$ cat upload-v5.txt   # compact mmCIF, C-alpha atoms
# COMPACT_ATOMS: atom_id res chain seq x y z
CA MET W 1 -32.00 44.09 85.94
CA HIS W 2 -35.38 42.68 86.92
CA ASP W 3 -37.71 42.21 83.97
CA HIS W 4 -40.76 42.62 86.20
CA ASN W 5 -39.90 46.31 86.48
CA TYR W 6 -41.35 46.75 83.00
CA HIS W 7 -44.65 45.06 83.75
CA THR W 8 -47.63 47.34 84.19
CA SER W 9 -49.37 47.39 87.52
CA THR W 10 -53.13 47.08 87.86
CA CYS W 11 -53.15 47.94 91.54
CA VAL W 12 -54.10 51.40 92.73
CA ILE W 13 -50.98 53.40 93.53
CA PRO W 14 -51.22 56.76 95.28
CA GLU W 15 -50.20 59.25 92.63
CA SER W 16 -47.96 61.41 94.71
CA THR W 17 -45.79 64.03 93.09
CA LYS W 18 -42.78 61.85 93.80
CA PHE W 19 -44.39 58.87 92.07
CA LEU W 20 -45.50 60.84 89.01
CA ASN W 21 -42.08 62.45 88.67
CA THR W 22 -40.25 59.13 88.82
CA LYS W 23 -38.02 58.99 85.77
CA ILE W 24 -38.45 55.80 83.77
CA LEU W 25 -36.17 56.58 80.82
CA GLU W 26 -33.20 58.79 80.11
CA ASP W 27 -32.31 58.48 76.47
CA ARG W 28 -30.13 60.17 73.90
CA LEU W 29 -31.32 60.12 70.34
CA GLY W 30 -29.70 61.97 67.48
CA GLY W 31 -27.59 64.01 69.86
CA ARG W 32 -30.66 65.09 71.84
CA SER W 33 -31.56 64.02 75.35
CA SER W 34 -34.97 62.68 76.26
CA ALA W 35 -36.26 62.11 79.78
CA VAL W 36 -39.60 60.36 80.24
CA ASN W 37 -41.25 60.07 83.64
CA ILE W 38 -44.35 58.24 84.87
CA ASN W 39 -46.56 61.28 84.44
CA ASP W 40 -45.53 61.47 80.75
CA TYR W 41 -46.11 57.74 80.33
CA LYS W 42 -49.62 58.01 81.83
CA MET W 43 -50.56 60.42 79.05
CA LEU W 44 -50.64 57.40 76.74
CA ASN W 45 -53.98 56.47 78.31
CA SER W 46 -56.95 56.69 75.99
CA ASN W 47 -58.59 60.16 75.99
CA GLU W 48 -55.42 61.86 77.27
CA PHE W 49 -53.46 64.50 75.37
CA ILE W 50 -49.86 63.46 74.81
CA ASN W 51 -47.38 66.15 75.78
CA ASP W 52 -44.29 67.76 74.26
CA ILE W 53 -42.00 65.23 75.96
CA LEU W 54 -43.65 62.29 74.20
CA ILE W 55 -43.85 64.11 70.87
CA GLU W 56 -40.17 65.02 70.92
CA PHE W 57 -39.19 61.55 72.06
CA TYR W 58 -41.02 59.93 69.14
CA LEU W 59 -39.73 62.42 66.56
CA ASN W 60 -36.14 61.99 67.78
CA TYR W 61 -36.53 58.21 67.90
CA TRP W 62 -37.96 57.94 64.41
CA TYR W 63 -35.40 60.37 62.97
CA THR W 64 -32.47 58.55 64.57
CA GLU W 65 -33.52 54.91 64.43
CA LYS W 66 -35.83 54.60 61.44
CA LEU W 67 -34.87 57.13 58.76
CA SER W 68 -32.27 56.22 56.18
CA GLU W 69 -28.94 58.02 56.33
CA GLU W 70 -29.94 59.90 53.19
CA ASP W 71 -33.21 61.09 54.74
CA ARG W 72 -31.45 62.14 57.96
CA LYS W 73 -28.96 64.24 55.98
CA ARG W 74 -31.70 66.15 54.19
CA THR W 75 -33.98 66.61 57.21
CA TYR W 76 -33.94 68.78 60.31
CA VAL W 77 -36.44 68.55 63.16
CA PHE W 78 -36.84 71.43 65.59
CA SER W 79 -37.73 71.06 69.24
CA THR W 80 -41.34 71.64 70.26
CA TYR W 81 -40.14 74.81 71.98
CA PHE W 82 -38.71 76.44 68.88
CA TYR W 83 -41.87 77.94 67.42
CA THR W 84 -43.22 78.83 70.87
CA THR W 85 -40.04 80.83 71.51
CA LEU W 86 -40.06 82.38 68.03
CA ALA W 87 -43.67 83.55 68.18
CA LYS W 88 -43.80 84.56 71.85
CA SER W 89 -44.53 88.23 72.54
CA PHE W 90 -41.58 90.41 73.45
CA ASN W 91 -40.66 93.79 74.86
CA ALA W 92 -39.04 95.82 72.07
CA PHE W 93 -37.19 97.92 74.65
CA ASP W 94 -35.07 94.86 75.49
CA TYR W 95 -33.51 94.97 72.02
CA PRO W 96 -31.58 97.55 69.95
CA ALA W 97 -33.81 100.39 68.78
CA HIS W 98 -33.13 99.74 65.10
CA PHE W 99 -34.31 96.08 65.26
CA THR W 100 -37.50 95.27 63.38
CA ALA W 101 -40.04 92.83 64.82
CA SER W 102 -38.74 90.02 62.58
CA GLN W 103 -35.16 90.75 63.63
CA ILE W 104 -36.17 90.56 67.29
CA ARG W 105 -37.94 87.25 66.77
CA HIS W 106 -34.88 85.87 65.01
CA GLU W 107 -32.61 87.14 67.75
CA LYS W 108 -34.57 85.09 70.29
CA VAL W 109 -33.89 81.82 68.47
CA LYS W 110 -30.62 82.42 66.61
CA LYS W 111 -28.69 80.05 68.89
CA TRP W 112 -30.97 77.18 67.91
CA THR W 113 -29.27 76.93 64.50
CA LYS W 114 -25.66 77.71 65.40
CA ASN W 115 -24.64 74.16 64.45
CA VAL W 116 -26.89 73.63 61.45
CA ASP W 117 -27.54 75.34 58.11
CA ILE W 118 -31.21 74.70 57.42
CA PHE W 119 -30.71 75.92 53.83
CA GLU W 120 -28.74 72.74 53.20
CA LYS W 121 -31.83 70.70 54.09
CA ASP W 122 -34.76 69.62 51.96
CA PHE W 123 -37.20 69.43 54.87
CA VAL W 124 -37.39 71.38 58.13
CA PHE W 125 -40.04 70.09 60.56
CA ILE W 126 -41.46 72.49 63.14
CA PRO W 127 -43.99 71.16 65.69
CA VAL W 128 -46.45 73.88 66.70
CA ASN W 129 -48.79 74.09 69.67
CA GLU W 130 -51.51 76.73 69.67
CA ASN W 131 -54.44 76.81 72.04
CA GLN W 132 -53.52 73.33 73.31
CA HIS W 133 -53.64 71.91 69.79
CA TRP W 134 -50.65 70.33 68.03
CA PHE W 135 -49.91 70.48 64.32
CA MET W 136 -46.80 70.42 62.15
CA ALA W 137 -45.25 72.97 59.81
CA VAL W 138 -42.83 71.66 57.19
CA ILE W 139 -40.53 74.01 55.32
CA CYS W 140 -39.78 72.27 52.03
CA PHE W 141 -36.71 73.02 49.89
CA PRO W 142 -35.64 76.34 51.47
CA ASN W 143 -32.48 76.06 49.38
CA LEU W 144 -34.42 76.63 46.14
CA SER W 145 -35.28 80.00 44.62
CA GLY W 146 -38.69 79.56 43.09
CA LYS W 147 -40.10 76.56 41.26
CA VAL W 148 -37.59 74.50 39.28
CA ASN W 149 -37.75 71.59 36.89
CA MET W 150 -36.75 68.33 38.57
CA LYS W 151 -34.91 67.17 35.45
CA ASP W 152 -32.51 70.02 34.79
CA GLY W 153 -33.02 72.68 37.47
CA THR W 154 -34.39 75.32 35.10
CA PRO W 155 -37.05 77.76 36.38
CA VAL W 156 -40.70 76.84 35.91
CA ASN W 157 -43.13 79.71 35.42
CA GLU W 158 -46.37 77.77 35.25
CA PRO W 159 -49.36 78.59 37.48
CA ASP W 160 -49.75 76.83 40.81
CA ASP W 161 -52.53 74.48 39.82
CA ASP W 162 -53.07 71.32 37.83
CA ALA W 163 -53.04 73.05 34.45
CA GLY W 164 -50.27 72.50 31.97
CA ARG W 165 -48.60 69.51 33.59
CA TYR W 166 -46.65 67.15 31.42
CA VAL W 167 -45.19 63.69 31.81
CA VAL W 168 -41.48 63.18 32.31
CA PRO W 169 -39.51 59.97 32.66
CA PRO W 170 -38.16 58.98 36.10
CA ILE W 171 -35.29 61.28 37.02
CA LYS W 172 -33.13 62.12 40.01
CA SER W 173 -34.11 65.30 41.81
CA ILE W 174 -31.69 68.19 41.94
CA ALA W 175 -32.63 68.77 45.58
CA ILE W 176 -30.08 67.55 48.09
CA GLY W 177 -30.27 63.80 48.49
CA ARG W 178 -33.60 63.36 46.71
CA ASN W 179 -33.93 60.38 44.43
CA GLU W 180 -37.69 59.98 44.36
CA SER W 181 -39.39 60.27 41.03
CA ASP W 182 -42.93 60.23 39.81
CA PRO W 183 -44.05 60.07 36.18
CA ASN W 184 -46.73 62.69 36.80
CA THR W 185 -44.58 65.28 38.52
CA GLU W 186 -42.10 67.64 36.96
CA ASP W 187 -41.13 70.29 39.45
CA LEU W 188 -40.16 71.21 42.99
CA TRP W 189 -40.40 74.50 44.74
CA PRO W 190 -39.95 76.08 48.17
CA CYS W 191 -43.10 76.03 50.27
CA ILE W 192 -44.39 75.70 53.82
CA LEU W 193 -46.87 72.89 54.33
CA ILE W 194 -49.18 72.89 57.35
CA LEU W 195 -50.09 69.37 58.45
CA ASP W 196 -53.10 69.73 60.74
CA SER W 197 -55.46 66.95 61.82
CA LEU W 198 -58.11 69.38 63.07
CA SER W 199 -57.91 72.16 60.54
CA GLY W 200 -61.55 73.20 60.46
CA GLY W 201 -60.85 75.61 57.63
CA VAL W 202 -58.23 77.60 59.57
CA ARG W 203 -55.68 78.88 57.08
CA ARG W 204 -52.77 79.32 59.50
CA ALA W 205 -51.52 82.25 57.39
CA ARG W 206 -49.91 83.86 60.43
CA ILE W 207 -47.79 80.74 61.00
CA THR W 208 -46.38 80.78 57.49
CA ALA W 209 -45.81 84.54 57.62
CA THR W 210 -43.86 84.21 60.87
CA LEU W 211 -41.74 81.41 59.42
CA CYS W 212 -41.10 83.35 56.20
CA ASP W 213 -39.84 86.30 58.26
CA TRP W 214 -37.61 83.96 60.24
CA LEU W 215 -36.22 82.38 57.04
CA LYS W 216 -35.33 85.81 55.69
CA GLN W 217 -33.42 86.79 58.84
CA GLU W 218 -31.81 83.35 59.16
CA TYR W 219 -30.49 83.58 55.61
CA ILE W 220 -29.02 87.03 56.26
CA ALA W 221 -27.34 85.76 59.43
CA LYS W 222 -26.04 82.57 57.82
CA TYR W 223 -24.75 84.12 54.60
CA ASN W 224 -23.04 87.29 55.81
CA GLY W 225 -25.78 89.79 55.04
CA LYS W 226 -26.91 88.37 51.70
CA ILE W 227 -30.62 88.76 51.06
CA LYS W 228 -32.92 86.16 49.55
CA ASP W 229 -36.60 86.55 48.82
CA PHE W 230 -38.71 84.64 51.32
CA SER W 231 -41.86 86.67 50.83
CA PRO W 232 -45.20 84.84 50.59
CA GLN W 233 -44.92 85.18 46.82
CA ALA W 234 -41.59 83.34 46.81
CA ILE W 235 -42.30 80.64 49.39
CA LYS W 236 -45.98 79.97 49.67
CA GLY W 237 -47.82 78.37 52.55
CA ALA W 238 -50.51 75.74 52.20
CA LEU W 239 -52.87 74.03 54.62
CA ILE W 240 -52.97 70.49 53.26
CA LYS W 241 -56.14 68.41 53.22
CA LEU W 242 -55.25 65.39 55.34
CA PRO W 243 -56.93 62.59 57.33
CA GLN W 244 -58.61 64.27 60.29
CA GLN W 245 -58.70 63.17 63.90
CA PRO W 246 -62.11 61.82 65.00
CA ASN W 247 -61.84 63.22 68.54
CA TYR W 248 -60.45 66.16 70.48
CA THR W 249 -57.51 64.42 72.12
CA ASP W 250 -55.33 62.80 69.47
CA CYS W 251 -53.74 65.82 67.74
CA GLY W 252 -50.26 65.03 69.07
CA LEU W 253 -50.56 61.43 67.87
CA PHE W 254 -51.47 62.61 64.39
CA VAL W 255 -48.49 64.98 64.36
CA ILE W 256 -46.04 62.15 64.98
CA HIS W 257 -47.85 59.92 62.49
CA PHE W 258 -47.60 62.66 59.85
CA PHE W 259 -43.84 62.67 60.40
CA LYS W 260 -43.59 58.89 60.06
CA ARG W 261 -45.84 58.83 56.98
CA PHE W 262 -43.91 61.66 55.33
CA PHE W 263 -41.00 59.26 54.83
CA GLU W 264 -42.93 56.01 54.46
CA ARG W 265 -45.08 57.44 51.68
CA PRO W 266 -43.27 60.57 50.46
CA ILE W 267 -45.02 63.49 48.82
CA VAL W 268 -43.94 63.42 45.18
CA ASP W 269 -45.93 66.38 43.86
CA TYR W 270 -45.28 69.75 45.50
CA THR W 271 -47.34 71.77 43.05
CA LEU W 272 -49.88 73.69 45.10
CA PRO W 273 -52.56 73.02 46.00
CA VAL W 274 -51.49 69.53 47.08
CA ARG W 275 -54.65 67.50 46.54
CA HIS W 276 -53.65 63.88 46.89
CA LEU W 277 -53.11 63.43 50.65
CA GLU W 278 -56.69 63.21 51.89
CA ASN W 279 -56.25 59.41 51.88
CA TRP W 280 -52.58 59.46 52.89
CA PHE W 281 -53.42 56.88 55.53
CA SER W 282 -56.40 55.44 57.37
CA ILE W 283 -57.19 57.14 60.66
CA ASP W 284 -57.45 53.62 62.11
CA GLU W 285 -53.63 53.54 61.96
CA VAL W 286 -53.70 56.13 64.73
CA VAL W 287 -56.88 55.68 66.73
CA LYS W 288 -58.25 52.14 66.37
CA ASN W 289 -57.42 50.19 69.51
CA CYS W 290 -55.17 53.13 70.39
CA GLN W 291 -52.57 51.85 67.92
CA LYS W 292 -50.37 54.94 68.06
CA ARG W 293 -50.47 55.02 71.85
CA ARG W 294 -49.54 51.34 71.93
CA GLU W 295 -46.66 51.99 69.53
CA LEU W 296 -45.29 54.76 71.72
CA SER W 297 -45.60 52.64 74.84
CA SER W 298 -43.76 49.75 73.16
CA ILE W 299 -40.95 52.03 72.00
CA ILE W 300 -40.50 53.48 75.50
CA ILE W 301 -40.38 50.03 77.12
CA SER W 302 -37.97 48.78 74.46
CA ARG W 303 -35.68 51.75 74.99
CA MET W 304 -35.87 51.25 78.76
CA LYS W 305 -34.57 47.71 78.31
CA ASN W 306 -31.89 48.79 75.84
CA ARG W 307 -30.72 51.57 78.14
CA GLY W 308 -30.77 49.37 81.24
CA SER W 309 -33.34 51.52 83.05
CA ILE W 310 -34.19 50.02 86.44
CA LEU W 311 -37.19 51.22 88.42
CA PRO W 312 -37.22 51.14 92.21
CA ASP W 313 -38.54 47.85 93.58
CA ASP W 314 -41.72 49.48 94.87
CA ILE W 315 -42.62 51.14 91.54
CA LYS W 316 -44.00 49.54 88.39
CA LEU W 317 -45.22 51.11 85.19
CA PRO W 318 -48.89 52.06 85.57
CA PHE W 319 -51.57 50.19 83.67
CA LEU W 320 -52.58 51.98 80.46
CA ASP W 321 -56.16 52.07 79.22
CA PHE W 322 -56.16 51.47 75.46
CA THR W 323 -59.92 51.40 74.86
CA ASP W 324 -61.15 53.35 71.85
CA PRO W 325 -62.02 56.97 72.74
CA LYS W 326 -65.61 56.52 71.55
CA ASN W 327 -67.09 59.15 73.83
CA THR W 328 -65.01 61.96 72.37
CA ARG W 329 -65.67 61.47 68.67
CA LEU W 330 -66.44 64.57 66.66
CA SER W 331 -69.67 64.92 64.77
CA ASN W 332 -69.49 64.95 61.00
$ encode --input "upload-v5.txt" --output "structure tokens"
Amino acid sequence: MHDHNYHTSTCVIPESTKFLNTKILEDRLGGRSSAVNINDYKMLNSNEFINDILIEFYLNYWYTEKLSEEDRKRTYVFSTYFYTTLAKSFNAFDYPAHFTASQIRHEKVKKWTKNVDIFEKDFVFIPVNENQHWFMAVICFPNLSGKVNMKDGTPVNEPDDDAGRYVVPPIKSIAIGRNESDPNTEDLWPCILILDSLSGGVRRARITATLCDWLKQEYIAKYNGKIKDFSPQAIKGALIKLPQQPNYTDCGLFVIHFFKRFFERPIVDYTLPVRHLENWFSIDEVVKNCQKRRELSSIIISRMKNRGSILPDDIKLPFLDFTDPKNTRLSN
């Protein structure tokens, strides 16, 4: 293997279809295959939108290589195509006449969970792309039925705000695999969190409604017809106030950083509204000197070396521009 194959080239190379489609990495992470080509890699240039290939690669890499065994057991990450397939319009005449809309949507994706029971997970991550914008939906504690006390699992009937909280000593959560504790937090409950770096006040209510319908049908399918309440009253959705992207191009980078940060600095208070994540991290961790783009590039090159990927002698990785995207910053 020639190490120079991993050096970036500053010379101008005709970007033919063949060149752009040259595969630079075939990887298998967490039982999932990833294939990255030069065209995908070029999307790491400043001011470019990263695509689904890069997002899935990073999520699979971080899940497989960086999460603890405990976190992997309690977490499931869907493909970027899952929600697109779930929410895509359909022709009702292609399905049995007695199927409701939510049953049809579930039918389209039922094979995606044939080898996993998402109700045995604490966190289900669902990347979403709408109108060329990426954000993340996180289904939290779908195994719970309503809000419960972290200490003993008893129901909590307090309102969903900051009123009436009390201090408890550090305890071990009843949720599968959870051992986090916080002296200011006493309960957990099922909810759907929307992590969006360009929210602009959009509530994303339709997203949570679609996922609630899917959860209801998935539970029926998984538990032999048993019914569990996944109405908006039982599992509420919330658009969380988070660090916001300063430009129009970095949404995918924020999505993968949200995932990383979720485990590096876990949410310990799930009482809605969640009000403590506006300073979850500095946006410089993503955008300054293209740090997130550099991180992704480094991971790809490292995996290329580990996997023994060899490029043809006449092809080198293209030079990446990591200058700050100053010309695309949003106004305040």
$ closest_residue --input "upload-v5.txt" --among "W:Arg275, W:Lys288, W:Arg307, W:Arg105" --to "Ile240 in chain W" --atoms "only C-alpha atoms"
W:Arg275
$ closest_residue --input "upload-v5.txt" --among "W:Ala238, W:Ala92, W:Ala221, W:Leu311" --to "Ile139 in chain W" --atoms "all atoms listed in the file"
W:Ala238
$ closest_residue --input "upload-v5.txt" --among "W:Leu277, W:Ala87, W:Leu54, W:Ile267" --to "Ser297 in chain W" --atoms "all atoms listed in the file"
W:Leu54
$ residues_around --input "upload-v5.txt" --residues "Ala101 in chain W" --least-positions-apart "2" --cutoff "12 Å" --atoms "all atoms listed in the file" --output "number ranges by chain"
W: 86-99, 103-108, 210, 213-214, 217
$ write_last_selection --input "upload-v5.txt" --atoms "C-alpha atoms" --output "CSV table (one decimal), in the coordinates of the input"
chain,number,residue,atom,x,y,z
W,86,LEU,CA,-40.1,82.4,68.0
W,87,ALA,CA,-43.7,83.6,68.2
W,88,LYS,CA,-43.8,84.6,71.8
W,89,SER,CA,-44.5,88.2,72.5
W,90,PHE,CA,-41.6,90.4,73.4
W,91,ASN,CA,-40.7,93.8,74.9
W,92,ALA,CA,-39.0,95.8,72.1
W,93,PHE,CA,-37.2,97.9,74.6
W,94,ASP,CA,-35.1,94.9,75.5
W,95,TYR,CA,-33.5,95.0,72.0
W,96,PRO,CA,-31.6,97.6,70.0
W,97,ALA,CA,-33.8,100.4,68.8
W,98,HIS,CA,-33.1,99.7,65.1
W,99,PHE,CA,-34.3,96.1,65.3
W,103,GLN,CA,-35.2,90.8,63.6
W,104,ILE,CA,-36.2,90.6,67.3
W,105,ARG,CA,-37.9,87.2,66.8
W,106,HIS,CA,-34.9,85.9,65.0
W,107,GLU,CA,-32.6,87.1,67.8
W,108,LYS,CA,-34.6,85.1,70.3
W,210,THR,CA,-43.9,84.2,60.9
W,213,ASP,CA,-39.8,86.3,58.3
W,214,TRP,CA,-37.6,84.0,60.2
W,217,GLN,CA,-33.4,86.8,58.8
$ closest_residue --input "upload-v5.txt" --among "W:Lys236, W:His133, W:Lys18, W:Lys114" --to "Lys222 in chain W" --atoms "only C-alpha atoms"
W:Lys114
$ atom_distance --input "upload-v5.txt" --atom1 "CA of Glu285 in chain W" --atom2 "CA of Lys66 in chain W"
17.8 Å
